[in-house]
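Q: The structure follows.
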Amino acid sequence: MGNSMEKIGSKTKLLLGAQHVLAMFGATVLVPFLTGLNPSIALIAAGAGTLIFHFCTKRIVPVFLGSSFAFIGALSLVLKDEGIGAVKGGVIAAGFIYLLMAYLVKVFGVEKIKSFFPPVVTGPIIMVIGLRMSPVALSMAGYANGKFDPKSLIIALVVIISMISITIMKKSFFRLVPILISVTLGYVVAMFMGLVSFEPIAKANWIGLSAEAANDLFTLPHFSVSAVLAIAPIALVVFIEHIGDITTNGAVVGKDFFKNPGIHRTLMGDGVATIVAGLLGGPANTTYGENTGVLAVTKVYDPSILRIAACYAIVLGLLGKFGVILQTIPAPVMGGVSIILFGMISSVGARTLVDAGLDFSNSRNLIIASLIFVFGIAVDNIVIWKTVSLSGLALAALAGVVLNKVLPLDREVAINKKID
């Protein structure tokens with residue numbers, strides 16, 4: 001089983017597909033938990049989105065699409081203020097932003113488009129995404145009015161400690177599924193503390209969507225200007241993440257996916273998948289690094305295995321009792337996971353800055369990053385006109401992109417750039 005060119009039996013493919021489901025599962029269902037969307041629909045959207053992506057990319061890119069973390073803050077805010085219809089409209093609009101980027105990449109080339117999103121812009125924005133959500137993680141873990149609820153704190157600590165312990169293990173399969181294991185442990189502890197109700201599970205059908213999921217599914221999209229402005233621009237940030245994921249995936253597989261099928265096709269795959277996710281009521285889709293990690297470990301790169309995983313995800317989403325079990329997971333369990341994951345998102349942003357070797361004694365870099373941090377963290381929404389508002393994250397991204405193009409490079413920086 002050294003590489004994807006070797007013949008692999010059907011049973012082995014089914015097993016490998018299940019492993020890919022394990023890898024993506026925790027992160028994919030975590031996004032709906034944190035935003036208030038339905039996890040069953042998120043699984044269906046991820047599976048359908050993956051199949052769509054493979055169709056758009058000539059079925060040669062071994063990628064799985066799952067729920068994007070970048071949209072968490074905007075989705076939860078819009079769902080709370082305007083409802084599922086507005087969320088659908090915003091996610092569909094984000095999908096069209098992907099398609100626009102795909103068209104621009106095809107016309108102008110990827111390097112020209114990337115020049116609008118250098119590390120000095122994307123790094124701070126990624127950090128802001130994690131930092132904006134950190135208060136939500138603590139409140140889910142039981143923190144309110146300067147105190148922690150004792151039961152919630154115990155459960156959150158069990159999750160955090162188990163995640164840390166699993167992550168630092170060497171050469172262990174468990175390292176592939178730390179979220180799944182830690183959530184299971186937290187769920188068991190919460191169950192013994194009497195914080196889990198099994199009544200909804202008993203009432204749920206074995207097959208079919210729950211009433212809540214069906215309601216979300218059949219609610220028509222509503223294109224609220226404020227919701228679209230809050231959600232859609234985040235696709236511009238995820239664009240850079242997408243480029244990185246496809247680059248990494250190609251490096252693992254040993255193929256140049258920028259040439260064949262082309263980055264414009266992979267972006268198109270993300271875009272159409274996200275539009276479908278929006279129509280269904282799921283979160284925006286994005287390529288998953290977790291599944292690229294599985295490729296690197298197994299050294300089996302057959303794209304059909306990812307399509308098998310996509311079918312598994314759809315089936316899991318259609319199992320009524322399974323979906324309800326996910327919804328009975330108590331908030332402190334997800335709070336413990338979120339404390340680490342939101343911190344990790346911010347850390348990825350910091351790593352982006354470090355990897356780029358940015359000099360923050362340079363006033364240009366300092367100004368761009370400073371304004372992104374202040375606008376992104378301090379501003380919730382700015383009312384532009386009547387019910388139209390602009391989210392802090394969208395404002396921060398806009399400020400970063402504009403300042404990067406307007407502020408002149410220092411003379412020595414420009415010279416070094418030419419030399420490089």
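Scheme for the structure tokens: letters A, B, ... for chains in order shown; per-chain residue numbers from 1; ligand numbers from 1 in order shown.
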DSSP on the backbone: what in region 257-415 of chain A comes out strand (DSSP E or B), as a list of chain:residue names?
A: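 Here are the strand (DSSP E or B) residues of region 257-415 of chain A: A:Asn285, A:Thr286, A:Thr287, A:Leu319, A:Asn381, A:Ile382, A:Val383, A:Ile384, A:Trp385, A:Val388, A:Ser389, A:Leu390, A:Ser391.
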Q: For the selection you just gave me, I'd like the residues written to a file as a compact mmCIF listing (two decimals), in the first residue's frame, keeping N, CA, C and O atoms.
A:
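Listed below is the output, out29.txt:
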# COMPACT_ATOMS: atom_id res chain seq x y z
N ASN A 285 -17.99 25.73 2.78
CA ASN A 285 -17.03 24.63 2.68
C ASN A 285 -15.63 25.12 2.34
O ASN A 285 -15.47 26.16 1.70
N THR A 286 -14.64 24.36 2.75
CA THR A 286 -13.26 24.65 2.38
C THR A 286 -12.46 23.36 2.37
O THR A 286 -12.87 22.35 2.97
N THR A 287 -11.32 23.37 1.68
CA THR A 287 -10.45 22.19 1.63
C THR A 287 -9.89 21.91 3.02
O THR A 287 -9.59 22.83 3.77
N LEU A 319 -28.75 9.86 9.17
CA LEU A 319 -29.14 9.00 10.29
C LEU A 319 -29.69 9.88 11.41
O LEU A 319 -28.94 10.59 12.09
N ASN A 381 -20.08 45.50 14.67
CA ASN A 381 -20.69 45.85 13.39
C ASN A 381 -20.80 47.36 13.28
O ASN A 381 -21.08 48.04 14.28
N ILE A 382 -20.60 47.87 12.09
CA ILE A 382 -20.79 49.30 11.83
C ILE A 382 -22.01 49.44 10.92
O ILE A 382 -22.05 48.85 9.84
N VAL A 383 -23.00 50.20 11.39
CA VAL A 383 -24.20 50.43 10.58
C VAL A 383 -23.84 51.43 9.48
O VAL A 383 -23.44 52.56 9.76
N ILE A 384 -23.97 50.99 8.24
CA ILE A 384 -23.66 51.85 7.09
C ILE A 384 -24.89 52.66 6.68
O ILE A 384 -24.82 53.86 6.46
N TRP A 385 -26.02 51.96 6.60
CA TRP A 385 -27.26 52.63 6.20
C TRP A 385 -28.44 51.76 6.62
O TRP A 385 -28.55 50.60 6.25
N VAL A 388 -28.24 48.02 6.97
CA VAL A 388 -27.01 47.52 6.35
C VAL A 388 -25.83 47.79 7.27
O VAL A 388 -25.61 48.93 7.69
N SER A 389 -25.09 46.74 7.59
CA SER A 389 -23.94 46.91 8.48
C SER A 389 -22.73 46.15 7.94
O SER A 389 -22.86 45.25 7.11
N LEU A 390 -21.57 46.53 8.43
CA LEU A 390 -20.31 45.92 8.02
C LEU A 390 -19.65 45.31 9.26
O LEU A 390 -19.49 45.99 10.28
N SER A 391 -19.31 44.02 9.20
CA SER A 391 -18.70 43.37 10.36
C SER A 391 -17.28 43.88 10.59
O SER A 391 -16.61 44.37 9.67
Q: Using only C-alpha atoms, determine which residues lie at most 8 Å from region 10-13 of chain A, disregarding the query and same-chain residues fewer than 2 positions distant; provide the list as a PDB file with C-alpha atoms, in the first residue's frame.
A:
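Full text of result_4.pdb as output:
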ATOM      1  CA  ILE A   8      -6.242  -1.540  -3.653  1.00  0.00           C
ATOM      2  CA  LEU A  15     -11.756   1.204   5.443  1.00  0.00           C
ATOM      3  CA  LEU A  16      -9.518   4.024   4.215  1.00  0.00           C
ATOM      4  CA  GLY A  17     -12.612   6.091   3.432  1.00  0.00           C
ATOM      5  CA  ILE A 305     -11.247   7.006  -1.458  1.00  0.00           C
ATOM      6  CA  ILE A 308     -16.145   7.136  -0.530  1.00  0.00           C
TER       7      ILE A 308
END
Q: Using only C-alpha atoms, can you tell me which of A:Ile154, A:Ile179, A:Ala284, A:Ala93 comes closest to Ala232 (chain A)?
A: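 Of the candidates, the smallest distance to Ala232 (chain A) is held by A:Ala93.
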Q: Residues within 12 Å of Gly83 (chain A), please, as a ChimeraX atom specification. Count only C-alpha atoms; anything in the same chain fewer than 3 positions from it doesn't count.
A: /A:35-37,75-80,86-90,215-216,219-224,227,281
Q: Would you put the residues from that selection into a file with N, CA, C and O atoms, as a tab-separated table (two decimals), in the first residue's frame?
A:
chain	number	residue	atom	x	y	z
A	35	THR	N	-21.78	27.70	15.86
A	35	THR	CA	-22.57	28.74	15.18
A	35	THR	C	-24.07	28.59	15.41
A	35	THR	O	-24.81	29.55	15.22
A	36	GLY	N	-24.51	27.41	15.82
A	36	GLY	CA	-25.94	27.17	16.00
A	36	GLY	C	-26.59	26.51	14.79
A	36	GLY	O	-27.80	26.29	14.77
A	37	LEU	N	-25.79	26.20	13.76
A	37	LEU	CA	-26.32	25.49	12.59
A	37	LEU	C	-26.49	24.00	12.91
A	37	LEU	O	-26.01	23.53	13.94
A	75	LEU	N	-21.17	33.69	10.94
A	75	LEU	CA	-22.35	32.81	10.87
A	75	LEU	C	-23.16	32.86	12.16
A	75	LEU	O	-24.39	32.94	12.13
A	76	SER	N	-22.48	32.79	13.30
A	76	SER	CA	-23.18	32.78	14.58
A	76	SER	C	-23.90	34.11	14.81
A	76	SER	O	-25.04	34.13	15.30
A	77	LEU	N	-23.28	35.21	14.43
A	77	LEU	CA	-23.88	36.53	14.60
A	77	LEU	C	-25.11	36.69	13.71
A	77	LEU	O	-26.18	37.12	14.17
A	78	VAL	N	-24.98	36.33	12.43
A	78	VAL	CA	-26.10	36.48	11.50
A	78	VAL	C	-27.25	35.54	11.88
A	78	VAL	O	-28.42	35.93	11.83
A	79	LEU	N	-26.92	34.31	12.29
A	79	LEU	CA	-27.98	33.36	12.69
A	79	LEU	C	-28.76	33.90	13.89
A	79	LEU	O	-29.99	33.80	13.93
A	80	LYS	N	-28.04	34.47	14.83
A	80	LYS	CA	-28.67	35.01	16.03
A	80	LYS	C	-29.55	36.21	15.70
A	80	LYS	O	-30.66	36.35	16.21
A	86	ALA	N	-31.15	34.22	6.27
A	86	ALA	CA	-30.09	35.19	6.00
A	86	ALA	C	-28.72	34.53	5.95
A	86	ALA	O	-27.86	34.91	5.15
A	87	VAL	N	-28.51	33.52	6.82
A	87	VAL	CA	-27.25	32.75	6.79
A	87	VAL	C	-27.10	32.08	5.43
A	87	VAL	O	-26.02	32.12	4.82
A	88	LYS	N	-28.18	31.46	4.95
A	88	LYS	CA	-28.13	30.82	3.62
A	88	LYS	C	-27.73	31.81	2.54
A	88	LYS	O	-26.88	31.52	1.69
A	89	GLY	N	-28.33	33.00	2.57
A	89	GLY	CA	-28.02	34.02	1.57
A	89	GLY	C	-26.56	34.44	1.64
A	89	GLY	O	-25.89	34.59	0.61
A	90	GLY	N	-26.04	34.61	2.86
A	90	GLY	CA	-24.65	35.01	3.04
A	90	GLY	C	-23.67	33.95	2.57
A	90	GLY	O	-22.65	34.27	1.92
A	215	ASN	N	-36.50	21.78	8.97
A	215	ASN	CA	-36.90	23.19	8.93
A	215	ASN	C	-35.80	24.06	8.32
A	215	ASN	O	-36.05	24.92	7.46
A	216	ASP	N	-34.55	23.81	8.75
A	216	ASP	CA	-33.41	24.55	8.20
A	216	ASP	C	-33.25	24.27	6.71
A	216	ASP	O	-32.98	25.18	5.92
A	219	THR	N	-36.03	26.08	4.59
A	219	THR	CA	-36.15	27.54	4.68
A	219	THR	C	-35.48	28.17	3.46
A	219	THR	O	-34.35	27.82	3.11
A	220	LEU	N	-36.18	29.09	2.82
A	220	LEU	CA	-35.64	29.72	1.62
A	220	LEU	C	-34.54	30.72	1.97
A	220	LEU	O	-34.61	31.39	3.00
A	221	PRO	N	-33.51	30.83	1.12
A	221	PRO	CA	-32.44	31.82	1.37
A	221	PRO	C	-33.00	33.24	1.31
A	221	PRO	O	-33.89	33.54	0.52
A	222	HIS	N	-32.45	34.09	2.19
A	222	HIS	CA	-32.84	35.50	2.20
A	222	HIS	C	-31.56	36.32	2.06
A	222	HIS	O	-30.67	36.23	2.91
A	223	PHE	N	-31.47	37.11	1.00
A	223	PHE	CA	-30.24	37.85	0.73
A	223	PHE	C	-30.27	39.23	1.40
A	223	PHE	O	-30.47	40.25	0.76
A	224	SER	N	-30.08	39.19	2.72
A	224	SER	CA	-29.98	40.42	3.49
A	224	SER	C	-28.62	41.07	3.20
A	224	SER	O	-27.59	40.40	3.24
A	227	ALA	N	-26.21	40.68	6.09
A	227	ALA	CA	-25.70	39.31	6.22
A	227	ALA	C	-24.67	39.00	5.15
A	227	ALA	O	-23.63	38.38	5.43
A	281	GLY	N	-28.35	24.89	3.93
A	281	GLY	CA	-28.36	25.42	5.28
A	281	GLY	C	-27.14	25.03	6.09
A	281	GLY	O	-27.16	25.06	7.32
Q: Can you check which parts of region 26-131 of chain A lie within 9 Å of region 294-302 of chain A? Per residue, the shortest pair of atoms and distance in Å to one decimal, counting only C-alpha atoms, sorted by chain and number, as CSV.
A:
residue,atom,partner,partner_atom,distance
A:Ile60,CA,A:Asp302,CA,8.3
A:Val61,CA,A:Asp302,CA,8.8
A:Pro62,CA,A:Tyr301,CA,6.3
Q: Tell me, in Å to one decimal, how far CA of Leu398 (chain A) is from CA of Val121 (chain A).
A: 9.6 Å
Q: Contacts of Thr328 (chain A) at 10 Å or less, counting only C-alpha atoms, minus same-chain residues fewer than 2 places along, as a list in words?
A: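 Using only C-alpha atoms, the neighbours found are Tyr187, Leu195, Val196, Ser197, Phe198, Glu199, Pro200, Ile201, Gly323, Val324, Ile325, Leu326, Pro330 and Ala331 of chain A.
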Q: Can you tell me, as a PyMOL selection string, what residues are no more than 12 Å from Val272 (chain A) when counting only C-alpha atoms, ignoring any on the same chain fewer than 3 positions away?
A: chain A and resi 45-46+48-57+65+91-100+102+265-269+275-279+284-286
Q: Going by DSSP on the backbone, which bits of region 155-335 of chain A are alpha helix (DSSP H)? Write them as a PyMOL selection string, please.
A: chain A and resi 155-167+178-192+199-203+211-218+225-231+234-253+263-280+289-298+303-318+320-327+331-335
Q: So, counting only C-alpha atoms, which residue among A:Asp245, A:Leu306, A:Leu236, A:Val31 is closest to Gln19 (chain A)?
A: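 Among the listed residues, A:Leu306 lies closest to Gln19 (chain A).
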Q: A:Val63, A:Val348, A:Leu43, A:Val21: which is nearest Phe257 (chain A), counting only C-alpha atoms?
A: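 Closest candidate: A:Val63.
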Q: Find the residues around His242 (chain A) up to 10 Å (only C-alpha atoms counted), leave out those fewer than 4 positions away in its own chain, and share them as a PyMOL selection string.
A: chain A and resi 235+237-238+246-248+263+266-267+270+286-289
Q: Quick one: write out the picked residues with C-alpha atoms as a compact mmCIF listing (two decimals), in the first residue's frame?
A:
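Okay, selection-v3.txt is ready:
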# COMPACT_ATOMS: atom_id res chain seq x y z
CA ALA A 235 -14.07 34.09 1.30
CA VAL A 237 -9.29 35.41 3.38
CA VAL A 238 -10.05 31.71 2.85
CA ILE A 246 -3.82 22.80 -2.58
CA THR A 247 -0.07 23.47 -2.56
CA THR A 248 0.39 21.14 0.43
CA ILE A 263 -6.12 26.48 -9.26
CA THR A 266 -10.13 24.01 -7.42
CA LEU A 267 -11.49 27.45 -6.47
CA ASP A 270 -14.96 25.31 -3.48
CA THR A 286 -13.26 24.65 2.38
CA THR A 287 -10.45 22.19 1.63
CA TYR A 288 -9.33 20.23 4.71
CA GLY A 289 -5.71 19.88 5.78
